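What's in data_17.cif: mmCIF, C-alpha atoms
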```cif
data_coords
loop_
_atom_site.label_atom_id
_atom_site.label_comp_id
_atom_site.auth_asym_id
_atom_site.auth_seq_id
_atom_site.Cartn_x
_atom_site.Cartn_y
_atom_site.Cartn_z
CA MET A 11 126.66 94.88 61.38
CA LYS A 12 123.56 95.05 59.26
CA LYS A 13 122.00 98.45 58.83
CA ILE A 14 119.12 99.11 61.20
CA SER A 15 115.89 98.07 59.55
CA ARG A 16 113.44 100.75 58.46
CA ARG A 17 110.67 99.37 60.64
CA SER A 18 112.80 99.09 63.77
CA PHE A 19 114.30 102.53 63.18
CA LEU A 20 110.93 104.22 62.86
CA THR A 21 109.70 102.60 66.07
CA ALA A 22 112.93 103.26 67.96
CA THR A 23 111.58 106.29 69.80
CA GLY A 24 108.86 104.18 71.35
CA VAL A 25 111.18 101.45 72.61
CA LEU A 26 114.09 103.52 73.86
CA ALA A 27 112.50 104.17 77.23
CA ALA A 28 111.81 100.47 77.76
CA ALA A 29 115.34 99.55 76.69
CA GLY A 30 116.76 102.14 79.06
CA ALA A 31 114.72 100.81 81.93
CA LEU A 32 115.91 97.27 81.28
CA THR A 33 119.57 98.13 80.97
CA ALA A 34 119.42 100.42 83.99
CA CYS A 35 118.73 97.36 86.12
CA GLY A 36 122.09 95.95 85.14
CA GLY A 37 124.13 98.60 86.93
CA GLY A 38 127.06 100.60 85.65
CA GLY A 39 130.01 98.67 87.00
CA SER A 40 130.87 101.28 89.63
CA THR A 41 130.34 101.39 93.36
CA GLY A 42 129.74 104.08 95.89
CA GLY A 43 127.89 105.13 99.02
CA GLY A 44 124.15 104.86 99.59
CA THR A 45 121.47 103.33 101.78
CA LYS A 46 121.96 99.88 103.25
CA PRO A 47 120.77 97.21 100.82
CA ALA A 48 117.64 95.26 101.73
CA SER A 49 119.46 91.97 101.15
CA SER A 50 123.00 91.07 102.12
CA THR A 51 123.50 89.63 98.64
CA ALA A 52 122.32 92.77 96.81
CA ALA A 53 124.85 95.21 95.40
CA PRO A 54 125.07 98.49 97.32
CA ALA A 55 123.08 101.35 95.81
CA VAL A 56 125.08 104.06 94.09
CA SER A 57 124.45 107.70 94.81
CA TYR A 58 124.87 110.05 91.86
CA ASP A 59 124.90 113.19 94.00
CA VAL A 60 127.92 115.48 94.10
CA THR A 61 128.58 115.95 97.80
CA GLU A 62 131.91 117.81 97.83
CA PRO A 63 133.51 120.44 95.58
CA ILE A 64 135.49 118.84 92.77
CA THR A 65 137.38 119.89 89.63
CA ILE A 66 137.22 117.79 86.47
CA THR A 67 138.57 118.13 82.93
CA TRP A 68 136.74 117.94 79.64
CA TRP A 69 138.71 116.67 76.66
CA HIS A 70 137.34 117.99 73.39
CA ALA A 71 138.22 118.32 69.70
CA LEU A 72 136.80 121.78 68.99
CA GLU A 73 139.43 123.77 67.10
CA SER A 74 140.60 127.31 67.80
CA GLN A 75 137.74 129.02 65.95
CA TYR A 76 135.47 127.72 68.70
CA ASP A 77 137.63 128.80 71.65
CA ALA A 78 135.33 131.67 72.64
CA LEU A 79 132.22 129.48 72.50
CA VAL A 80 133.83 126.71 74.57
CA ALA A 81 134.98 129.24 77.15
CA GLU A 82 131.51 130.80 77.29
CA VAL A 83 129.77 127.46 77.83
CA VAL A 84 132.23 126.24 80.47
CA ASP A 85 132.10 129.57 82.30
CA GLU A 86 128.30 129.48 82.27
CA PHE A 87 128.33 126.01 83.79
CA ASN A 88 130.91 126.85 86.45
CA LYS A 89 128.86 129.87 87.53
CA SER A 90 125.59 127.92 87.54
CA GLN A 91 126.54 125.95 90.67
CA ASP A 92 129.31 125.80 93.27
CA MET A 93 130.20 122.11 93.47
CA VAL A 94 131.76 121.21 90.12
CA THR A 95 134.48 123.17 88.36
CA VAL A 96 135.29 122.20 84.78
CA GLU A 97 138.52 122.84 82.90
CA ALA A 98 138.28 122.38 79.12
CA GLN A 99 141.28 120.94 77.25
CA TYR A 100 141.66 120.78 73.48
CA ILE A 101 143.44 117.50 72.71
CA GLY A 102 143.38 117.53 68.90
CA ALA A 103 141.42 115.69 66.23
CA TYR A 104 139.20 112.74 67.14
CA LYS A 105 142.01 110.28 66.47
CA ASP A 106 144.29 112.23 68.83
CA VAL A 107 141.64 112.19 71.54
CA ASN A 108 141.19 108.46 71.01
CA GLU A 109 144.91 107.75 71.34
CA ALA A 110 145.19 109.84 74.49
CA LEU A 111 142.10 108.25 76.02
CA VAL A 112 143.15 104.68 75.28
CA ALA A 113 146.58 105.36 76.77
CA ALA A 114 145.12 106.93 79.92
CA HIS A 115 142.62 104.09 80.26
CA ALA A 116 145.42 101.51 80.02
CA ALA A 117 147.48 103.39 82.59
CA GLY A 118 144.48 103.92 84.85
CA THR A 119 145.50 107.50 85.51
CA GLY A 120 145.23 110.94 83.93
CA LEU A 121 141.70 110.33 82.69
CA PRO A 122 139.38 113.26 81.96
CA GLY A 123 135.98 113.56 83.60
CA VAL A 124 134.17 113.92 80.26
CA VAL A 125 135.58 113.09 76.85
CA VAL A 126 134.46 113.49 73.25
CA ALA A 127 134.52 110.69 70.67
CA ASN A 128 133.68 110.38 67.01
CA THR A 129 130.59 108.21 66.47
CA ASP A 130 132.87 105.56 64.91
CA TYR A 131 134.38 104.82 68.34
CA VAL A 132 131.13 104.10 70.19
CA ALA A 133 131.15 100.36 69.49
CA SER A 134 134.77 99.82 70.51
CA TYR A 135 134.40 101.91 73.68
CA GLY A 136 131.22 100.05 74.59
CA GLU A 137 132.75 96.65 73.92
CA SER A 138 135.94 97.36 75.85
CA GLY A 139 134.13 99.01 78.74
CA LEU A 140 136.14 102.20 78.29
CA TYR A 141 132.97 104.29 78.47
CA GLU A 142 130.72 104.10 81.52
CA ASN A 143 127.23 102.67 81.02
CA LEU A 144 125.00 105.71 81.58
CA ASP A 145 121.72 103.84 81.98
CA PRO A 146 121.92 103.73 85.81
CA TYR A 147 122.65 107.48 85.86
CA ILE A 148 119.70 108.17 83.56
CA ALA A 149 117.38 106.05 85.70
CA GLY A 150 118.80 107.29 89.01
CA THR A 151 118.42 110.98 88.18
CA GLY A 152 115.32 110.83 86.00
CA TYR A 153 117.14 112.29 83.02
CA ASP A 154 114.92 112.64 79.93
CA VAL A 155 116.62 110.96 76.97
CA GLU A 156 113.51 110.54 74.85
CA ASP A 157 113.81 114.16 73.74
CA PHE A 158 116.87 113.26 71.67
CA SER A 159 116.34 112.36 68.03
CA ALA A 160 115.95 108.57 67.90
CA GLY A 161 118.76 107.97 65.43
CA LEU A 162 121.20 110.16 67.34
CA LEU A 163 120.40 108.40 70.61
CA LEU A 164 120.88 104.99 69.02
CA SER A 165 124.22 106.19 67.68
CA SER A 166 125.34 106.63 71.28
CA GLN A 167 124.41 103.09 72.30
CA TYR A 168 126.23 99.79 72.31
CA LYS A 169 124.15 96.61 72.46
CA GLY A 170 121.23 98.50 73.96
CA LYS A 171 123.30 100.30 76.59
CA GLN A 172 123.53 104.08 76.58
CA VAL A 173 127.30 104.46 76.78
CA ALA A 174 127.35 108.08 75.61
CA LEU A 175 125.07 111.03 74.86
CA PRO A 176 124.62 112.85 71.52
CA PHE A 177 126.72 116.02 71.36
CA LEU A 178 127.78 117.75 68.13
CA HIS A 179 126.18 115.96 65.23
CA SER A 180 126.01 116.44 61.51
CA THR A 181 124.68 114.54 58.55
CA GLN A 182 125.27 114.36 54.82
CA ILE A 183 123.70 117.25 52.97
CA ILE A 184 123.71 118.84 49.53
CA TYR A 185 124.88 122.43 49.43
CA TYR A 186 123.70 124.21 46.31
CA ASN A 187 123.82 127.63 44.70
CA LYS A 188 120.30 128.83 45.46
CA THR A 189 120.79 132.04 43.49
CA MET A 190 121.66 130.03 40.37
CA ALA A 191 118.82 127.60 41.04
CA ASP A 192 116.30 130.42 41.30
CA SER A 193 117.54 131.99 38.07
CA MET A 194 117.04 128.66 36.30
CA GLY A 195 113.71 127.89 37.93
CA ILE A 196 115.22 124.83 39.60
CA THR A 197 114.17 123.16 42.85
CA VAL A 198 116.57 120.46 43.96
CA PRO A 199 114.61 117.22 43.32
CA THR A 200 113.65 114.81 46.06
CA LYS A 201 114.03 111.68 43.86
CA ILE A 202 117.31 110.29 42.54
CA ASP A 203 116.15 109.96 38.90
CA GLU A 204 114.98 113.58 38.84
CA PHE A 205 118.19 114.62 40.57
CA GLU A 206 120.16 113.10 37.70
CA LYS A 207 118.12 115.10 35.19
CA MET A 208 118.90 118.26 37.15
CA LEU A 209 122.63 117.51 36.99
CA GLU A 210 122.42 117.19 33.22
CA LYS A 211 120.42 120.42 32.88
CA VAL A 212 122.76 122.51 35.02
CA ALA A 213 125.93 121.11 33.46
CA THR A 214 124.60 121.62 29.92
CA GLU A 215 123.18 125.10 30.36
CA LYS A 216 125.65 126.64 32.83
CA LYS A 217 128.79 124.73 31.80
CA VAL A 218 129.53 123.87 35.42
CA TYR A 219 129.51 120.64 37.39
CA GLY A 220 126.03 119.75 38.58
CA THR A 221 127.49 118.28 41.76
CA VAL A 222 130.65 116.86 43.29
CA VAL A 223 130.76 113.44 44.97
CA PRO A 224 133.39 113.33 47.76
CA GLY A 225 135.51 110.26 47.13
CA TRP A 226 137.99 110.82 49.95
CA ASP A 227 135.47 109.58 52.55
CA GLN A 228 132.98 106.81 51.78
CA TRP A 229 130.55 108.35 54.28
CA TYR A 230 129.43 110.84 51.64
CA PHE A 231 128.41 108.28 49.00
CA GLU A 232 127.60 105.45 51.41
CA THR A 233 124.00 106.59 51.92
CA LEU A 234 123.32 106.32 48.17
CA PHE A 235 123.99 102.58 48.52
CA LEU A 236 122.24 102.04 51.85
CA ASN A 237 119.01 103.69 50.74
CA GLU A 238 118.81 101.37 47.74
CA GLY A 239 118.92 98.44 50.16
CA VAL A 240 122.56 97.41 49.83
CA ASP A 241 123.83 95.52 52.88
CA ILE A 242 127.41 96.71 52.98
CA ILE A 243 127.95 94.23 55.80
CA THR A 244 125.31 91.50 55.78
CA ALA A 245 123.87 89.58 58.69
CA ASP A 246 126.30 86.71 58.03
CA ASN A 247 129.30 89.09 58.10
CA THR A 248 129.94 89.26 54.36
CA CYS A 249 129.87 92.16 51.92
CA ASP A 250 127.16 92.86 49.34
CA LEU A 251 128.93 95.59 47.37
CA ASN A 252 129.16 93.38 44.28
CA GLY A 253 125.43 92.68 44.14
CA ASP A 254 123.35 93.96 41.22
CA ILE A 255 121.92 96.88 43.20
CA ALA A 256 125.34 98.01 44.44
CA LYS A 257 126.83 97.79 40.96
CA GLY A 258 123.88 99.82 39.72
CA VAL A 259 124.64 102.64 42.17
CA THR A 260 128.33 102.61 41.23
CA THR A 261 127.36 102.71 37.56
CA MET A 262 125.06 105.67 38.23
CA ILE A 263 127.83 107.70 39.88
CA LYS A 264 130.23 106.78 37.08
CA LYS A 265 127.69 107.93 34.50
CA TRP A 266 127.43 111.33 36.18
CA CYS A 267 131.20 111.70 36.01
CA ASP A 268 131.63 110.31 32.48
CA GLU A 269 129.00 112.73 31.17
CA GLY A 270 130.70 115.67 32.87
CA TRP A 271 127.70 116.33 35.09
CA ALA A 272 129.77 115.68 38.21
CA TYR A 273 133.22 114.64 39.33
CA PHE A 274 134.51 112.23 41.97
CA ALA A 275 136.70 114.23 44.35
CA GLN A 276 139.73 112.28 45.51
CA GLY A 277 143.43 112.71 46.05
CA THR A 278 145.44 115.36 47.87
CA ASP A 279 143.40 118.41 48.95
CA ALA A 280 140.23 116.93 47.42
CA SER A 281 138.00 118.54 50.04
CA ALA A 282 139.58 121.98 49.70
CA MET A 283 139.43 121.85 45.92
CA MET A 284 135.79 120.77 45.95
CA ARG A 285 134.81 123.62 48.24
CA GLN A 286 136.77 126.14 46.17
CA ASN A 287 134.99 125.01 43.01
CA PHE A 288 131.70 125.66 44.75
CA TYR A 289 132.84 129.05 46.08
CA ASP A 290 133.96 130.03 42.57
CA GLN A 291 130.61 128.85 41.11
CA LYS A 292 132.27 126.16 39.02
CA ALA A 293 130.03 123.59 40.70
CA PHE A 294 126.30 124.07 41.22
CA SER A 295 126.23 121.77 44.24
CA VAL A 296 128.40 119.56 46.43
CA MET A 297 127.74 116.65 48.80
CA HIS A 298 129.24 117.44 52.18
CA THR A 299 128.69 117.63 55.94
CA SER A 300 126.01 119.89 57.42
CA SER A 301 128.49 121.00 60.09
CA LEU A 302 130.22 123.27 57.56
CA TYR A 303 127.17 125.41 56.80
CA ASN A 304 128.64 128.51 58.48
CA THR A 305 131.85 128.10 56.50
CA TYR A 306 130.05 127.77 53.17
CA VAL A 307 127.93 130.85 53.83
CA ASP A 308 130.93 132.92 54.92
CA LYS A 309 132.90 131.92 51.82
CA CYS A 310 130.07 132.66 49.36
CA PRO A 311 129.08 136.33 49.79
CA ASP A 312 128.07 136.70 46.14
CA PHE A 313 125.26 134.14 46.17
CA GLU A 314 122.82 132.46 48.54
CA VAL A 315 123.76 129.00 49.79
CA GLY A 316 120.93 126.49 50.00
CA MET A 317 120.83 123.07 51.63
CA ALA A 318 118.87 120.07 50.39
CA TRP A 319 118.40 116.54 51.72
CA TYR A 320 119.97 113.76 49.69
CA PRO A 321 117.47 112.65 47.03
CA ALA A 322 115.41 109.57 47.83
CA ALA A 323 116.46 106.27 46.30
CA THR A 324 114.39 104.45 43.69
CA THR A 325 113.01 102.44 46.61
CA GLY A 326 111.70 105.64 48.17
CA ASP A 327 114.10 105.64 51.11
CA LYS A 328 115.76 108.95 51.97
CA TYR A 329 117.62 108.19 55.16
CA SER A 330 121.00 109.65 56.04
CA GLU A 331 123.73 108.77 58.51
CA VAL A 332 124.92 110.55 61.57
CA GLY A 333 128.29 112.26 61.72
CA GLY A 334 130.00 114.25 64.43
CA CYS A 335 130.65 113.20 67.99
CA VAL A 336 129.29 111.98 71.31
CA LEU A 337 130.27 112.57 74.93
CA GLY A 338 131.05 109.90 77.47
CA ILE A 339 132.48 109.31 80.94
CA PRO A 340 135.61 107.13 81.32
CA SER A 341 134.70 104.05 83.34
CA LYS A 342 137.91 103.88 85.39
CA ASN A 343 137.30 107.18 87.16
CA ASP A 344 136.25 107.13 90.82
CA GLN A 345 132.55 107.56 91.55
CA ALA A 346 132.89 111.15 92.77
CA THR A 347 134.47 112.14 89.44
CA LYS A 348 131.82 110.23 87.51
CA ASN A 349 129.04 111.98 89.42
CA ALA A 350 130.53 115.39 88.68
CA ALA A 351 131.00 114.41 85.05
CA TRP A 352 127.35 113.34 84.81
CA VAL A 353 126.22 116.77 86.04
CA PHE A 354 128.38 118.49 83.42
CA LEU A 355 127.36 116.03 80.71
CA GLN A 356 123.69 116.86 81.23
CA PHE A 357 124.50 120.55 80.95
CA LEU A 358 126.53 120.16 77.74
CA CYS A 359 123.74 118.17 76.09
CA GLY A 360 120.88 120.27 77.47
CA LYS A 361 118.40 122.07 75.24
CA THR A 362 119.67 125.59 75.90
CA VAL A 363 123.32 124.79 75.36
CA ASN A 364 122.41 122.56 72.40
CA MET A 365 121.15 125.65 70.55
CA LYS A 366 124.36 127.52 71.38
CA TRP A 367 126.34 124.76 69.68
CA ALA A 368 124.00 124.77 66.68
CA GLU A 369 124.19 128.53 66.24
CA GLY A 370 127.90 128.84 66.86
CA THR A 371 129.26 125.81 65.01
CA GLY A 372 126.88 124.76 62.23
CA TYR A 373 126.19 121.42 63.88
CA LEU A 374 122.54 120.41 64.00
CA PRO A 375 120.18 120.47 67.00
CA THR A 376 119.98 117.07 68.66
CA ARG A 377 116.80 117.68 70.68
CA LEU A 378 113.33 117.31 69.18
CA SER A 379 111.78 119.82 71.57
CA VAL A 380 114.06 122.67 70.51
CA LEU A 381 112.30 122.71 67.16
CA GLU A 382 109.23 124.10 68.90
CA THR A 383 110.97 126.56 71.21
CA GLU A 384 111.51 130.26 70.71
CA GLU A 385 115.22 129.51 70.27
CA GLY A 386 114.43 126.95 67.54
CA VAL A 387 112.19 129.41 65.70
CA GLU A 388 114.86 132.11 65.89
CA PHE A 389 117.49 129.64 64.71
CA LEU A 390 115.50 128.91 61.55
CA LYS A 391 115.03 132.62 60.93
CA LYS A 392 118.80 133.02 60.93
CA LYS A 393 119.48 129.78 59.04
CA PRO A 394 116.37 128.91 57.01
CA ALA A 395 118.37 126.39 54.97
CA PHE A 396 118.34 124.10 58.02
CA GLN A 397 114.61 123.49 57.55
CA CYS A 398 115.39 120.44 55.43
CA ILE A 399 117.31 118.95 58.37
CA PHE A 400 114.63 119.84 60.91
CA ASP A 401 112.07 118.14 58.67
CA ASN A 402 114.12 114.94 58.48
CA LEU A 403 115.74 114.80 61.91
CA ASN A 404 114.31 111.38 62.70
CA LEU A 405 115.55 109.96 59.40
CA ILE A 406 119.18 110.11 60.49
CA ASN A 407 120.48 106.57 60.99
CA PRO A 408 123.31 105.45 63.26
CA ARG A 409 126.63 104.70 61.58
CA ILE A 410 127.59 101.12 60.80
CA GLN A 411 129.55 99.79 63.77
CA HIS A 412 132.06 97.03 63.05
CA GLY A 413 135.59 96.34 64.19
CA SER A 414 136.82 96.05 60.59
CA TRP A 415 134.95 99.08 59.30
CA SER A 416 137.96 101.36 58.84
CA GLU A 417 139.85 98.82 56.72
CA LEU A 418 136.69 98.00 54.76
CA ALA A 419 136.03 101.67 54.04
CA THR A 420 139.58 102.28 52.81
CA THR A 421 139.36 99.27 50.49
CA TRP A 422 136.00 100.43 49.16
CA LYS A 423 137.27 103.95 48.49
CA ASN A 424 140.29 102.66 46.60
CA TYR A 425 138.17 100.45 44.36
CA MET A 426 135.69 103.27 43.73
CA VAL A 427 138.55 105.39 42.40
CA ALA A 428 139.62 102.54 40.14
CA MET A 429 136.09 102.11 38.77
CA ILE A 430 134.91 105.71 38.52
CA VAL A 431 138.10 107.68 37.87
CA SER A 432 140.36 105.13 36.18
CA GLY A 433 137.56 103.46 34.24
CA GLU A 434 138.17 99.90 35.39
CA ASP A 435 135.39 97.37 34.71
CA ILE A 436 132.75 97.71 37.44
CA ALA A 437 131.66 94.05 37.54
CA LYS A 438 135.20 92.69 37.68
CA GLN A 439 136.46 95.26 40.18
CA SER A 440 133.40 94.81 42.40
CA ASP A 441 134.02 91.07 42.64
CA MET A 442 137.69 91.62 43.44
CA MET A 443 136.78 94.24 46.03
CA VAL A 444 134.24 92.02 47.80
CA GLU A 445 136.64 89.09 47.83
CA GLU A 446 139.18 91.31 49.58
CA ILE A 447 136.61 92.79 51.96
CA ASP A 448 135.24 89.37 52.90
CA GLU A 449 138.74 88.36 53.94
CA ILE A 450 138.96 91.49 56.07
CA LEU A 451 135.63 90.70 57.72
CA ALA A 452 136.64 87.09 58.32
CA ASP A 453 139.74 88.23 60.19
#
```
Written form, structure tokens:
Amino acid sequence: MKKISRRSFLTATGVLAAAGALTACGGGGSTGGGTKPASSTAAPAVSYDVTEPITITWWHALESQYDALVAEVVDEFNKSQDMVTVEAQYIGAYKDVNEALVAAHAAGTGLPGVVVANTDYVASYGESGLYENLDPYIAGTGYDVEDFSAGLLLSSQYKGKQVALPFLHSTQIIYYNKTMADSMGITVPTKIDEFEKMLEKVATEKKVYGTVVPGWDQWYFETLFLNEGVDIITADNTCDLNGDIAKGVTTMIKKWCDEGWAYFAQGTDASAMMRQNFYDQKAFSVMHTSSLYNTYVDKCPDFEVGMAWYPAATTGDKYSEVGGCVLGIPSKNDQATKNAAWVFLQFLCGKTVNMKWAEGTGYLPTRLSVLETEEGVEFLKKKPAFQCIFDNLNLINPRIQHGSWSELATTWKNYMVAMIVSGEDIAKQSDMMVEEIDEILAD
């Protein structure tokens, strides 16, 4: 799928309401009670009210360090009303949740009321009908979705249908040693060419890596290509990673590593080693996920941790991509369970609870209005480094959604290691890579 165009992305907020209204007319594929239809050929109206007490489960992927927060939020919801009781269940990592959900969906039994999913799964769940279309629920209950950041809301859609809601989201960010930066009179540049000069300066004067590029997950370097205008998957379902612009970005990253200004983190324990190098002040900065802000701060008591947006490309673009997860309702549940799930879903994604997640986990706020609330102001007082994310919240793009994306990404990562770490010829390897990826896309 081609990356969302800059023009359409910037106008997305204005068209989301219209799109929601259109898709809401299509129904959600479920039936239930309601008033008698005006025409004998019309589908019966669906009521989204919870009319009897019911208990539902919430499958999540929040690890043990978040147990207290999960319990607090669920308890708060259960005490807020007397019709829906929620039981939270930790299933494992996103892939474990996916496997359990697909199995339960196939069996048609044992499904949770609400379930988490990595943003990568939205397209497949939307295509297969595993997730309920939420547009009728949004229209039927008057739920305000326009308060979500446009990019995050689009990341929860499939072909214009709102099949999920934004939950815990992150984006790519640069963590840097602000104490070191201040001592050197450095401000992390906003342009890629100036950023390269900063890497050289820090590496030369401090004898440390200027930055670290995570090579174990293409998500971290992917934006550097997208912002330069590279169509990783073009409109005609081919790959453009061997074009002149793409080869230029690869050459730029290789130059950083060849000069000793950075290194390409890959192999066993690459993430842990990268973080430790930053903690030990052997690296001035690292490219990583914003969701780990709390961890970085806790592990670096001897210096102040800053966050900076990825530098803008030579084209001027400085977009990023969404990470994290969404929440959805399994479509095979009965309507009573879906109605209860919808009530809980609204609570989990509400403005007040949204700030609890942001404060307690390091994930970013998903609601635009929270930036102007007392809670948002207090949040920035506690975590001023998040200002760069607040300032760019509407520049976060949806992830590329394609059935072959996982295999494509693995192939790309392997070739990047060959070109940047092993020193293989970039032009030759890029052509070989694209030939292989085009075959993957064709399948």
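Here, the PyMOL selection byres ((chain A and resi 297) around 7) matches Gln182, Ile183, Ile184, Tyr185, Val222, Val223, Pro224, Tyr230, Val296 and His298 of chain A.
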Subject >> Best match for closeness to Tyr329 of chain A among A:Cys310, A:Val84, A:Leu405, A:Ile243, counting all atoms listed in the file >> reply: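 Of A:Cys310, A:Val84, A:Leu405, A:Ile243, the one nearest Tyr329 of chain A, counting all atoms listed in the file, is A:Leu405.
Listed by chain and then by number, the residues chosen by the PyMOL selection byres ((chain A and resi 271) around 10) in this file are Glu206, Lys207, Met208, Leu209, Glu210, Lys211, Val212, Ala213, Thr214, Lys217, Val218, Tyr219, Gly220, Thr221, Val222, Ile263, Lys265, Trp266, Cys267, Asp268, Glu269, Gly270, Ala272, Tyr273, Ala293 and Phe294 of chain A.
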Restricting the output to C-alpha atoms, write the selected residues as a PDB file, in the coordinates of the input.
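Generated output (again_27.pdb):
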```
ATOM      1  CA  GLU A 206     120.160 113.100  37.700  1.00  0.00           C
ATOM      2  CA  LYS A 207     118.120 115.100  35.190  1.00  0.00           C
ATOM      3  CA  MET A 208     118.900 118.260  37.150  1.00  0.00           C
ATOM      4  CA  LEU A 209     122.630 117.510  36.990  1.00  0.00           C
ATOM      5  CA  GLU A 210     122.420 117.190  33.220  1.00  0.00           C
ATOM      6  CA  LYS A 211     120.420 120.420  32.880  1.00  0.00           C
ATOM      7  CA  VAL A 212     122.760 122.510  35.020  1.00  0.00           C
ATOM      8  CA  ALA A 213     125.930 121.110  33.460  1.00  0.00           C
ATOM      9  CA  THR A 214     124.600 121.620  29.920  1.00  0.00           C
ATOM     10  CA  LYS A 217     128.790 124.730  31.800  1.00  0.00           C
ATOM     11  CA  VAL A 218     129.530 123.870  35.420  1.00  0.00           C
ATOM     12  CA  TYR A 219     129.510 120.640  37.390  1.00  0.00           C
ATOM     13  CA  GLY A 220     126.030 119.750  38.580  1.00  0.00           C
ATOM     14  CA  THR A 221     127.490 118.280  41.760  1.00  0.00           C
ATOM     15  CA  VAL A 222     130.650 116.860  43.290  1.00  0.00           C
ATOM     16  CA  ILE A 263     127.830 107.700  39.880  1.00  0.00           C
ATOM     17  CA  LYS A 265     127.690 107.930  34.500  1.00  0.00           C
ATOM     18  CA  TRP A 266     127.430 111.330  36.180  1.00  0.00           C
ATOM     19  CA  CYS A 267     131.200 111.700  36.010  1.00  0.00           C
ATOM     20  CA  ASP A 268     131.630 110.310  32.480  1.00  0.00           C
ATOM     21  CA  GLU A 269     129.000 112.730  31.170  1.00  0.00           C
ATOM     22  CA  GLY A 270     130.700 115.670  32.870  1.00  0.00           C
ATOM     23  CA  ALA A 272     129.770 115.680  38.210  1.00  0.00           C
ATOM     24  CA  TYR A 273     133.220 114.640  39.330  1.00  0.00           C
ATOM     25  CA  ALA A 293     130.030 123.590  40.700  1.00  0.00           C
ATOM     26  CA  PHE A 294     126.300 124.070  41.220  1.00  0.00           C
TER      27      PHE A 294
END
```
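With all atoms listed in the file as the basis for measurement, A:Leu140 is the residue among A:Val353, A:Leu140, A:Val80, A:Ile101 that approaches Ala116 of chain A most closely.
Checking A:Ser180, A:Thr95, A:Gln228, A:Gln276 one by one against Thr420 of chain A, counting only C-alpha atoms, you find the shortest gap at A:Gln228.
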Original post:
Which of these, A:Ala113, A:Val240, A:Leu302, A:Gly161, has the shortest distance to Met317 of chain A once you count all atoms listed in the file?
Top reply: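 When distances to Met317 of chain A are compared using all atoms listed in the file, the smallest one comes from A:Leu302.
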Subject >> d(atom CA of Val94 of chain A, atom CA of Asn364 of chain A) in Å >> reply: 20.1 Å
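Interatomic distance, atom CA of Lys89 of chain A against atom CA of Leu374 of chain A: 26.1 Å.
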Original post:
Taking the file as shown, what set of residues would the PyMOL selection byres ((chain A and resi 396) around 10) give back, as JSON, numbers by chain?
Top reply: {"A": [300, 303, 316, 317, 318, 319, 372, 374, 375, 389, 390, 391, 392, 393, 394, 395, 397, 398, 399, 400, 401]}
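The residue that comes closest to Leu164 of chain A, out of A:Asp312, A:Glu142, A:Asp441, A:Glu331 and on the basis of all atoms listed in the file, is A:Glu331.
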Subject >> Sphere at (120.1, 97.7, 53.3), radius 12 Å, counting only C-alpha atoms: residues as a PyMOL selection string >> reply: chain A and resi 11-16+232-245+249-251+253+255-256+323+325+327+329+407+410
Selection: 12 Å around Asp344 of chain A, all atoms listed in the file, excl. self and same-chain fewer than 2 positions, as a compact mmCIF listing (two decimals) with C-alpha atoms, in the coordinates of the input:
```txt
# COMPACT_ATOMS: atom_id res chain seq x y z
CA GLY A 39 130.01 98.67 87.00
CA SER A 40 130.87 101.28 89.63
CA THR A 41 130.34 101.39 93.36
CA GLY A 42 129.74 104.08 95.89
CA GLY A 43 127.89 105.13 99.02
CA TYR A 58 124.87 110.05 91.86
CA ILE A 64 135.49 118.84 92.77
CA ILE A 66 137.22 117.79 86.47
CA GLY A 118 144.48 103.92 84.85
CA THR A 119 145.50 107.50 85.51
CA GLY A 120 145.23 110.94 83.93
CA LEU A 121 141.70 110.33 82.69
CA PRO A 122 139.38 113.26 81.96
CA GLY A 123 135.98 113.56 83.60
CA GLU A 142 130.72 104.10 81.52
CA ILE A 339 132.48 109.31 80.94
CA PRO A 340 135.61 107.13 81.32
CA SER A 341 134.70 104.05 83.34
CA LYS A 342 137.91 103.88 85.39
CA ALA A 346 132.89 111.15 92.77
CA THR A 347 134.47 112.14 89.44
CA LYS A 348 131.82 110.23 87.51
CA ASN A 349 129.04 111.98 89.42
CA ALA A 350 130.53 115.39 88.68
CA ALA A 351 131.00 114.41 85.05
```
**OP:** For atom CA of Thr260 of chain A and atom CA of Gln439 of chain A, quote the distance in Å rounded to one decimal.
**Re:**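 Those two atoms sit 11.0 Å apart.
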Subject >> Distance criterion (all atoms listed in the file): nearest to Gly150 of chain A out of A:Leu358, A:Ala437, A:Ala55, A:Ala452 >> reply: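 Using all atoms listed in the file, the shortest distance to Gly150 of chain A belongs to A:Ala55.
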Subject >> Selection near segment 377-379 of chain A, 6 Å with all atoms listed in the file, sequence-local residues under 2 positions removed, as an NGL selection string >> reply: :A and (157-159 or 375 or 381-382)
